[in-house]
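Peer 1: Before I ask anything, let me first share the structure, which is written out below as structure tokens.
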Protein chains: 2
Amino acid sequence: MTAEKDRIIDFIKSSIDHYGFEGAVIGISGGVDSAVAGKLLVDAVGRNRVYGLLLPERDSAKTTIADSKLVCDFLGINYSLKPITPLVRRLGVYRMKPPAGIFPRSMQERYAADVWKSTEEPYLNDLKTSGGDANRRNLAYYRTKHRFRMIRLYFEAEKRGYAVIGTTNLTEFLTGFYIKWGDDSTDIEPIMHLYKTEVFELARELRIPQKIIDKKPSPDIAPGITDEFAMGISYSRLDSILKKIRVAGSPDAGIEDEPEEEVRRVREILKTAEYRNIRNLNLLDK
Amino acid sequence: MTAEKDRIIDFIKSSIDHYGFEGAVIGISGGVDSAVAGKLLVDAVGRNRVYGLLLPERDSAKTTIADSKLVCDFLGINYSLKPITPLVRRLGVYRMKPPAGIFPRSMQERYAADVWKSTEEPYLNDLKTSGGDANRRNLAYYRTKHRFRMIRLYFEAEKRGYAVIGTTNLTEFLTGFYIKWGDDSTDIEPIMHLYKTEVFELARELRIPQKIIDKKPSPDIAPGITDEFAMGISYSRLDSILKKIRVAGSPDAGIEDEPEEEVRRVREILKTAEYRNIRNLNLLDK
């Protein structure tokens, strides 16, 4: 993917130059997406023009901060640790959940998994903000976290005349696996055209620390919930089907080789992702 | 504008129905835009399915809360007063400004106006997030306010399965007179296709309280700064020129009748608004 890597670096550089940004801010989560986007960014504008923000909160995994620092050190960038916990607390959202700390992590994880599975189609309900009042309260609760992170990223970026760099990949983008007006709200998205499996491939080429590559991808907003658990399908299966659905020309080329039940599931996710994308419906041009 | 009114009400109703929203949340600011959008919303879904939020903060005008309550009473809706001051304070942004309260309002207003005019092209600098470090800090500061409001609106909306209703009008939309990822981040925008002068027209037809119609439009984020002061042109002049620039067919029909200097200014605002709209630049489809 060397040619692809160079194409992305050129794209970041020309975007920053065109709009006169002085540099760029990126949220480093300890996951592979922000590590890859961060490395491409550093290669594009130089590490002295990149500022990392670590934005953990009460329910973040114990390893989040250490992993994020590992990535920042690998990138060689300046960074700050700015937990969003006080903002989340101020809104009163922690009061909606059992207090952290007094229960062992394993119990918290079991609780989060039970809550997640308490409706029949948890991911589809999430996309539609449905599944009953209790489920809606949970959704409202966790979404604020990514939105507070967005505010913090823009606050630090705009003070410096910097751009905000997003870390959404194509798999997340297509399946609605992001928070509207949260981690999807950025200036530049360097990896939005890459499937998650391609992000991993690029991570290896960019020599991202193995520990980061080996982690199970997780939104890190509720104890123990991984991406694949939330969506109910593995990334390798999901990407394989998504690619076939999206092939141009002969529609759905090769899709008949995929297990019918999984294809049905992915199509349902894609259809339901329409609800995640309700944005500024208006009467312009109507 | 009776036909237009009915068209908007139908649009709101069908959008709410199509996506299965249980109702809608709207931020009531005490200004004419949220009063008009609120009235159309109530006429579309009924006042029992509309929830108003009053989201003032430290620097809001003294009349903001009373005017907002006047609008809510006119609409006959349930509402809550949820000042965002604690969230803004938590981020540390008030520390960047002289404390409120200890200076008389007139002095605060003079200070805000001086800050605003401390760069040569304040509105263009705002659109570009430029004008030096001090100016950038001011911009980063005030933008957080609208973003915190967005978080609060979505938190209350998503708990209830409600939509978030925006109040951006066409004049604001074209000139970039909104906060990116703030008041522009909504589900449904009932008046985004109407110029500000048309919003006033509709306000009279909808019998919005005269006190609200007579107020000078203001973003209400810094003491004494009105929309027209910030943009450096009146709404009637601005809309007159915008309409002529946007006329289809023969381009810029009648624009030669407008004062050259004002037309130049409006064209510069439209061009610079490109910077406000930097969003998720990516390599999809490239």
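Ordering of the structure tokens sets the chain letters (A, B, ...), residue numbers begin anew at 1 in every chain, and ligands are numbered from 1 in the order given.
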Taking only C-alpha atoms into account, report as a PyMOL selection string which residues of chain B lie within 8 Å of chain A.
Peer 2: chain B and resi 8+11+15+19+86-87+90-91+129-130+133+136-141+144+147-148+151-152+154-156+158-161+166+181+184-193+275+278-284
Peer 1: Restricted to C-alpha atoms, what would the selected residues look like written as a compact mmCIF listing (two decimals), in the first residue's frame?
Peer 2:
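Final output, saved to selection_33.txt:
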# COMPACT_ATOMS: atom_id res chain seq x y z
CA ILE B 8 -43.12 23.82 5.83
CA PHE B 11 -42.38 18.95 5.50
CA SER B 15 -39.93 14.10 8.22
CA TYR B 19 -38.04 8.55 10.69
CA PRO B 86 -21.28 25.19 34.28
CA LEU B 87 -20.13 23.33 31.14
CA ARG B 90 -15.61 23.48 33.22
CA LEU B 91 -13.76 23.78 29.92
CA THR B 129 -10.34 31.40 12.03
CA SER B 130 -7.55 33.88 11.43
CA ASP B 133 -3.52 34.38 18.22
CA ARG B 136 -8.25 32.92 17.48
CA ARG B 137 -8.58 32.42 21.23
CA ASN B 138 -11.70 34.58 21.20
CA LEU B 139 -13.19 32.55 18.37
CA ALA B 140 -12.37 29.20 20.03
CA TYR B 141 -13.93 30.60 23.19
CA THR B 144 -17.78 26.24 22.42
CA ARG B 147 -21.46 23.34 20.69
CA PHE B 148 -22.41 22.75 24.31
CA ILE B 151 -24.83 18.43 23.12
CA ARG B 152 -27.59 19.41 25.54
CA TYR B 154 -29.23 15.97 21.59
CA PHE B 155 -28.98 14.60 25.11
CA GLU B 156 -32.57 15.63 25.85
CA GLU B 158 -32.20 11.18 22.24
CA LYS B 159 -33.48 10.23 25.70
CA ARG B 160 -36.98 10.78 24.35
CA GLY B 161 -36.54 9.53 20.76
CA GLY B 166 -32.57 23.69 13.84
CA TRP B 181 -20.74 21.54 14.68
CA ASP B 184 -25.75 23.93 12.41
CA SER B 185 -25.85 20.35 13.71
CA THR B 186 -29.46 19.21 13.77
CA ASP B 187 -31.95 16.74 12.33
CA ILE B 188 -34.51 19.02 10.68
CA GLU B 189 -34.11 22.64 9.48
CA PRO B 190 -37.58 24.11 8.84
CA ILE B 191 -36.46 27.62 7.80
CA MET B 192 -33.10 27.01 6.12
CA HIS B 193 -34.58 27.98 2.74
CA TYR B 275 -13.65 28.24 5.09
CA ILE B 278 -14.49 22.69 5.71
CA ARG B 279 -16.04 19.37 6.68
CA ASN B 280 -14.72 15.83 6.53
CA LEU B 281 -12.42 16.37 3.54
CA ASN B 282 -11.65 12.85 2.34
CA LEU B 283 -10.50 10.61 -0.51
CA LEU B 284 -13.80 8.78 -1.08
Peer 1: Give the helix (DSSP H, G or I) residues of range 177-218 of chain B, as assigned by DSSP on the backbone, as a PyMOL selection string.
Peer 2: chain B and resi 196-205+210-214
Peer 1: Restricting the output to N, CA and C atoms, write the selected residues as a PDB file, in the first residue's frame.
Peer 2:
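selection36.pdb was written with the following content:
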ATOM      1  N   LYS B 196     -33.523  35.866   5.959  1.00  0.00           N
ATOM      2  CA  LYS B 196     -33.896  36.456   7.262  1.00  0.00           C
ATOM      3  C   LYS B 196     -35.096  37.395   7.117  1.00  0.00           C
ATOM      4  N   THR B 197     -35.121  38.188   6.056  1.00  0.00           N
ATOM      5  CA  THR B 197     -36.248  39.108   5.868  1.00  0.00           C
ATOM      6  C   THR B 197     -37.551  38.328   5.647  1.00  0.00           C
ATOM      7  N   GLU B 198     -37.465  37.144   5.057  1.00  0.00           N
ATOM      8  CA  GLU B 198     -38.667  36.303   4.891  1.00  0.00           C
ATOM      9  C   GLU B 198     -39.093  35.686   6.227  1.00  0.00           C
ATOM     10  N   VAL B 199     -38.112  35.398   7.083  1.00  0.00           N
ATOM     11  CA  VAL B 199     -38.448  34.881   8.421  1.00  0.00           C
ATOM     12  C   VAL B 199     -39.266  35.932   9.182  1.00  0.00           C
ATOM     13  N   PHE B 200     -38.860  37.206   9.059  1.00  0.00           N
ATOM     14  CA  PHE B 200     -39.614  38.280   9.718  1.00  0.00           C
ATOM     15  C   PHE B 200     -41.040  38.354   9.176  1.00  0.00           C
ATOM     16  N   GLU B 201     -41.151  38.219   7.856  1.00  0.00           N
ATOM     17  CA  GLU B 201     -42.470  38.252   7.213  1.00  0.00           C
ATOM     18  C   GLU B 201     -43.363  37.130   7.767  1.00  0.00           C
ATOM     19  N   LEU B 202     -42.776  35.934   7.832  1.00  0.00           N
ATOM     20  CA  LEU B 202     -43.520  34.780   8.346  1.00  0.00           C
ATOM     21  C   LEU B 202     -43.851  34.980   9.830  1.00  0.00           C
ATOM     22  N   ALA B 203     -42.953  35.600  10.555  1.00  0.00           N
ATOM     23  CA  ALA B 203     -43.180  35.850  11.987  1.00  0.00           C
ATOM     24  C   ALA B 203     -44.437  36.691  12.185  1.00  0.00           C
ATOM     25  N   ARG B 204     -44.627  37.693  11.338  1.00  0.00           N
ATOM     26  CA  ARG B 204     -45.819  38.536  11.455  1.00  0.00           C
ATOM     27  C   ARG B 204     -47.073  37.733  11.137  1.00  0.00           C
ATOM     28  N   GLU B 205     -46.979  36.902  10.094  1.00  0.00           N
ATOM     29  CA  GLU B 205     -48.144  36.081   9.741  1.00  0.00           C
ATOM     30  C   GLU B 205     -48.490  35.098  10.863  1.00  0.00           C
ATOM     31  N   GLN B 210     -44.901  40.663  19.332  1.00  0.00           N
ATOM     32  CA  GLN B 210     -44.242  41.819  18.704  1.00  0.00           C
ATOM     33  C   GLN B 210     -42.884  42.117  19.323  1.00  0.00           C
ATOM     34  N   LYS B 211     -42.773  41.903  20.619  1.00  0.00           N
ATOM     35  CA  LYS B 211     -41.511  42.182  21.312  1.00  0.00           C
ATOM     36  C   LYS B 211     -40.351  41.364  20.704  1.00  0.00           C
ATOM     37  N   ILE B 212     -40.668  40.139  20.306  1.00  0.00           N
ATOM     38  CA  ILE B 212     -39.642  39.261  19.724  1.00  0.00           C
ATOM     39  C   ILE B 212     -39.286  39.734  18.313  1.00  0.00           C
ATOM     40  N   ILE B 213     -40.315  40.150  17.559  1.00  0.00           N
ATOM     41  CA  ILE B 213     -40.076  40.637  16.196  1.00  0.00           C
ATOM     42  C   ILE B 213     -39.265  41.931  16.217  1.00  0.00           C
ATOM     43  N   ASP B 214     -39.492  42.770  17.233  1.00  0.00           N
ATOM     44  CA  ASP B 214     -38.830  44.081  17.282  1.00  0.00           C
ATOM     45  C   ASP B 214     -37.387  44.024  17.782  1.00  0.00           C
TER      46      ASP B 214
END
Peer 1: Neighbouring residues of Ala112 in chain B were defined as those with any atom within 9 Å, considering only C-alpha atoms; residues of the same chain fewer than 3 positions away were excluded. Please report them as a ChimeraX atom specification.
Peer 2: /B:107-109,115-117,222-225
Peer 1: Go ahead and write the residues just picked, N, CA and C atoms, as a PDB file, in the first residue's frame.
Peer 2:
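Contents of selection_0.pdb, as written:
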ATOM      1  N   MET B 107     -19.935  48.533  30.005  1.00  0.00           N
ATOM      2  CA  MET B 107     -18.491  48.375  29.839  1.00  0.00           C
ATOM      3  C   MET B 107     -18.180  47.037  29.167  1.00  0.00           C
ATOM      4  N   GLN B 108     -18.933  45.992  29.553  1.00  0.00           N
ATOM      5  CA  GLN B 108     -18.764  44.689  28.903  1.00  0.00           C
ATOM      6  C   GLN B 108     -19.032  44.798  27.406  1.00  0.00           C
ATOM      7  N   GLU B 109     -20.068  45.563  27.062  1.00  0.00           N
ATOM      8  CA  GLU B 109     -20.431  45.691  25.648  1.00  0.00           C
ATOM      9  C   GLU B 109     -19.355  46.444  24.878  1.00  0.00           C
ATOM     10  N   VAL B 115     -12.914  44.221  21.172  1.00  0.00           N
ATOM     11  CA  VAL B 115     -12.272  42.953  20.814  1.00  0.00           C
ATOM     12  C   VAL B 115     -12.653  42.580  19.383  1.00  0.00           C
ATOM     13  N   TRP B 116     -13.959  42.706  19.088  1.00  0.00           N
ATOM     14  CA  TRP B 116     -14.454  42.330  17.776  1.00  0.00           C
ATOM     15  C   TRP B 116     -13.785  43.139  16.681  1.00  0.00           C
ATOM     16  N   LYS B 117     -13.572  44.450  16.951  1.00  0.00           N
ATOM     17  CA  LYS B 117     -13.032  45.320  15.915  1.00  0.00           C
ATOM     18  C   LYS B 117     -11.501  45.403  15.937  1.00  0.00           C
ATOM     19  N   ALA B 222     -21.702  37.355  22.937  1.00  0.00           N
ATOM     20  CA  ALA B 222     -20.817  38.341  23.567  1.00  0.00           C
ATOM     21  C   ALA B 222     -21.672  39.584  23.810  1.00  0.00           C
ATOM     22  N   PRO B 223     -21.444  40.271  24.924  1.00  0.00           N
ATOM     23  CA  PRO B 223     -22.330  41.384  25.282  1.00  0.00           C
ATOM     24  C   PRO B 223     -22.444  42.421  24.168  1.00  0.00           C
ATOM     25  N   GLY B 224     -23.671  42.683  23.733  1.00  0.00           N
ATOM     26  CA  GLY B 224     -23.935  43.802  22.836  1.00  0.00           C
ATOM     27  C   GLY B 224     -23.652  43.580  21.360  1.00  0.00           C
ATOM     28  N   ILE B 225     -23.099  42.432  20.982  1.00  0.00           N
ATOM     29  CA  ILE B 225     -22.781  42.193  19.564  1.00  0.00           C
ATOM     30  C   ILE B 225     -24.050  41.724  18.836  1.00  0.00           C
TER      31      ILE B 225
END
Peer 1: Give me, please, the distance in Å between CA of Tyr123 in chain A and CA of Ala230 in chain A, quoted to one decimal.
Peer 2: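 Here the two named atoms are 6.2 Å from each other.
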Peer 1: I'd like the neighbourhood of range 26-43 of chain B as a PDB file with N, CA and C atoms, in the first residue's frame, where a residue qualifies if any of its atoms comes within 6 Å (using only C-alpha atoms), though same-chain residues fewer than 2 positions away should be ignored.
Peer 2:
ATOM      1  N   ILE B   9     -44.969  23.143   7.241  1.00  0.00           N
ATOM      2  CA  ILE B   9     -45.631  22.291   8.239  1.00  0.00           C
ATOM      3  C   ILE B   9     -45.730  20.851   7.722  1.00  0.00           C
ATOM      4  N   VAL B  45     -46.731  19.061  14.657  1.00  0.00           N
ATOM      5  CA  VAL B  45     -46.820  17.816  15.442  1.00  0.00           C
ATOM      6  C   VAL B  45     -47.642  17.962  16.722  1.00  0.00           C
ATOM      7  N   GLY B  46     -48.065  19.166  17.029  1.00  0.00           N
ATOM      8  CA  GLY B  46     -48.844  19.377  18.254  1.00  0.00           C
ATOM      9  C   GLY B  46     -47.954  19.757  19.417  1.00  0.00           C
ATOM     10  N   ARG B  47     -48.455  20.638  20.284  1.00  0.00           N
ATOM     11  CA  ARG B  47     -47.573  21.188  21.322  1.00  0.00           C
ATOM     12  C   ARG B  47     -47.153  20.159  22.356  1.00  0.00           C
ATOM     13  N   GLY B  52     -39.208  22.425  24.713  1.00  0.00           N
ATOM     14  CA  GLY B  52     -38.324  23.581  24.542  1.00  0.00           C
ATOM     15  C   GLY B  52     -37.184  23.557  25.544  1.00  0.00           C
ATOM     16  N   LEU B  53     -36.018  23.985  25.094  1.00  0.00           N
ATOM     17  CA  LEU B  53     -34.880  24.107  26.013  1.00  0.00           C
ATOM     18  C   LEU B  53     -34.361  25.533  25.972  1.00  0.00           C
ATOM     19  N   LEU B  54     -34.206  26.132  27.159  1.00  0.00           N
ATOM     20  CA  LEU B  54     -33.599  27.453  27.299  1.00  0.00           C
ATOM     21  C   LEU B  54     -32.174  27.227  27.779  1.00  0.00           C
ATOM     22  N   THR B  64     -32.670  37.665  27.790  1.00  0.00           N
ATOM     23  CA  THR B  64     -32.757  36.387  27.073  1.00  0.00           C
ATOM     24  C   THR B  64     -33.760  35.422  27.702  1.00  0.00           C
ATOM     25  N   ASP B  67     -37.457  36.692  27.484  1.00  0.00           N
ATOM     26  CA  ASP B  67     -37.948  36.617  26.106  1.00  0.00           C
ATOM     27  C   ASP B  67     -38.199  35.162  25.692  1.00  0.00           C
ATOM     28  N   SER B  68     -37.317  34.263  26.113  1.00  0.00           N
ATOM     29  CA  SER B  68     -37.477  32.847  25.761  1.00  0.00           C
ATOM     30  C   SER B  68     -38.744  32.283  26.409  1.00  0.00           C
ATOM     31  N   ILE B 165     -34.558  20.134  16.266  1.00  0.00           N
ATOM     32  CA  ILE B 165     -34.978  21.078  15.230  1.00  0.00           C
ATOM     33  C   ILE B 165     -34.001  22.253  15.187  1.00  0.00           C
ATOM     34  N   THR B 167     -32.625  26.085  13.658  1.00  0.00           N
ATOM     35  CA  THR B 167     -33.271  27.386  13.427  1.00  0.00           C
ATOM     36  C   THR B 167     -32.424  28.268  12.513  1.00  0.00           C
ATOM     37  N   ALA B 203     -42.953  35.600  10.555  1.00  0.00           N
ATOM     38  CA  ALA B 203     -43.180  35.850  11.987  1.00  0.00           C
ATOM     39  C   ALA B 203     -44.437  36.691  12.185  1.00  0.00           C
ATOM     40  N   ILE B 212     -40.668  40.139  20.306  1.00  0.00           N
ATOM     41  CA  ILE B 212     -39.642  39.261  19.724  1.00  0.00           C
ATOM     42  C   ILE B 212     -39.286  39.734  18.313  1.00  0.00           C
ATOM     43  N   ILE B 213     -40.315  40.150  17.559  1.00  0.00           N
ATOM     44  CA  ILE B 213     -40.076  40.637  16.196  1.00  0.00           C
ATOM     45  C   ILE B 213     -39.265  41.931  16.217  1.00  0.00           C
TER      46      ILE B 213
END
Peer 1: What is the distance, in Å and to one decimal place, between CA of His18 in chain B and CA of Phe173 in chain A?
Peer 2: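 According to the coordinates, CA of His18 in chain B and CA of Phe173 in chain A are separated by 22.5 Å.
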Peer 1: With DSSP run on the backbone, what are the strand (DSSP E or B) residues within range 58-274 of chain A? I'd like them as a count of residues only.
Peer 2: 9
Peer 1: Could you please determine the separation between CA of Ile255 in chain B and CA of Glu228 in chain B in Å, to one decimal place?
Peer 2: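 For CA of Ile255 in chain B relative to CA of Glu228 in chain B, the distance reads 21.1 Å.
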Peer 1: Between A:Glu57, A:Asp239, A:Asp257, A:Asp73, which residue has the minimum interatomic distance to Ile208 in chain A, considering only C-alpha atoms?
Peer 2: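 Distance minimum relative to Ile208 in chain A lands on A:Asp73.
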Peer 1: Select, from A:Ile179, A:Met1, A:Leu242, A:Ile233, the residue with the minimum atom-to-atom distance to Leu270 in chain A, counting only C-alpha atoms.
Peer 2: A:Leu242
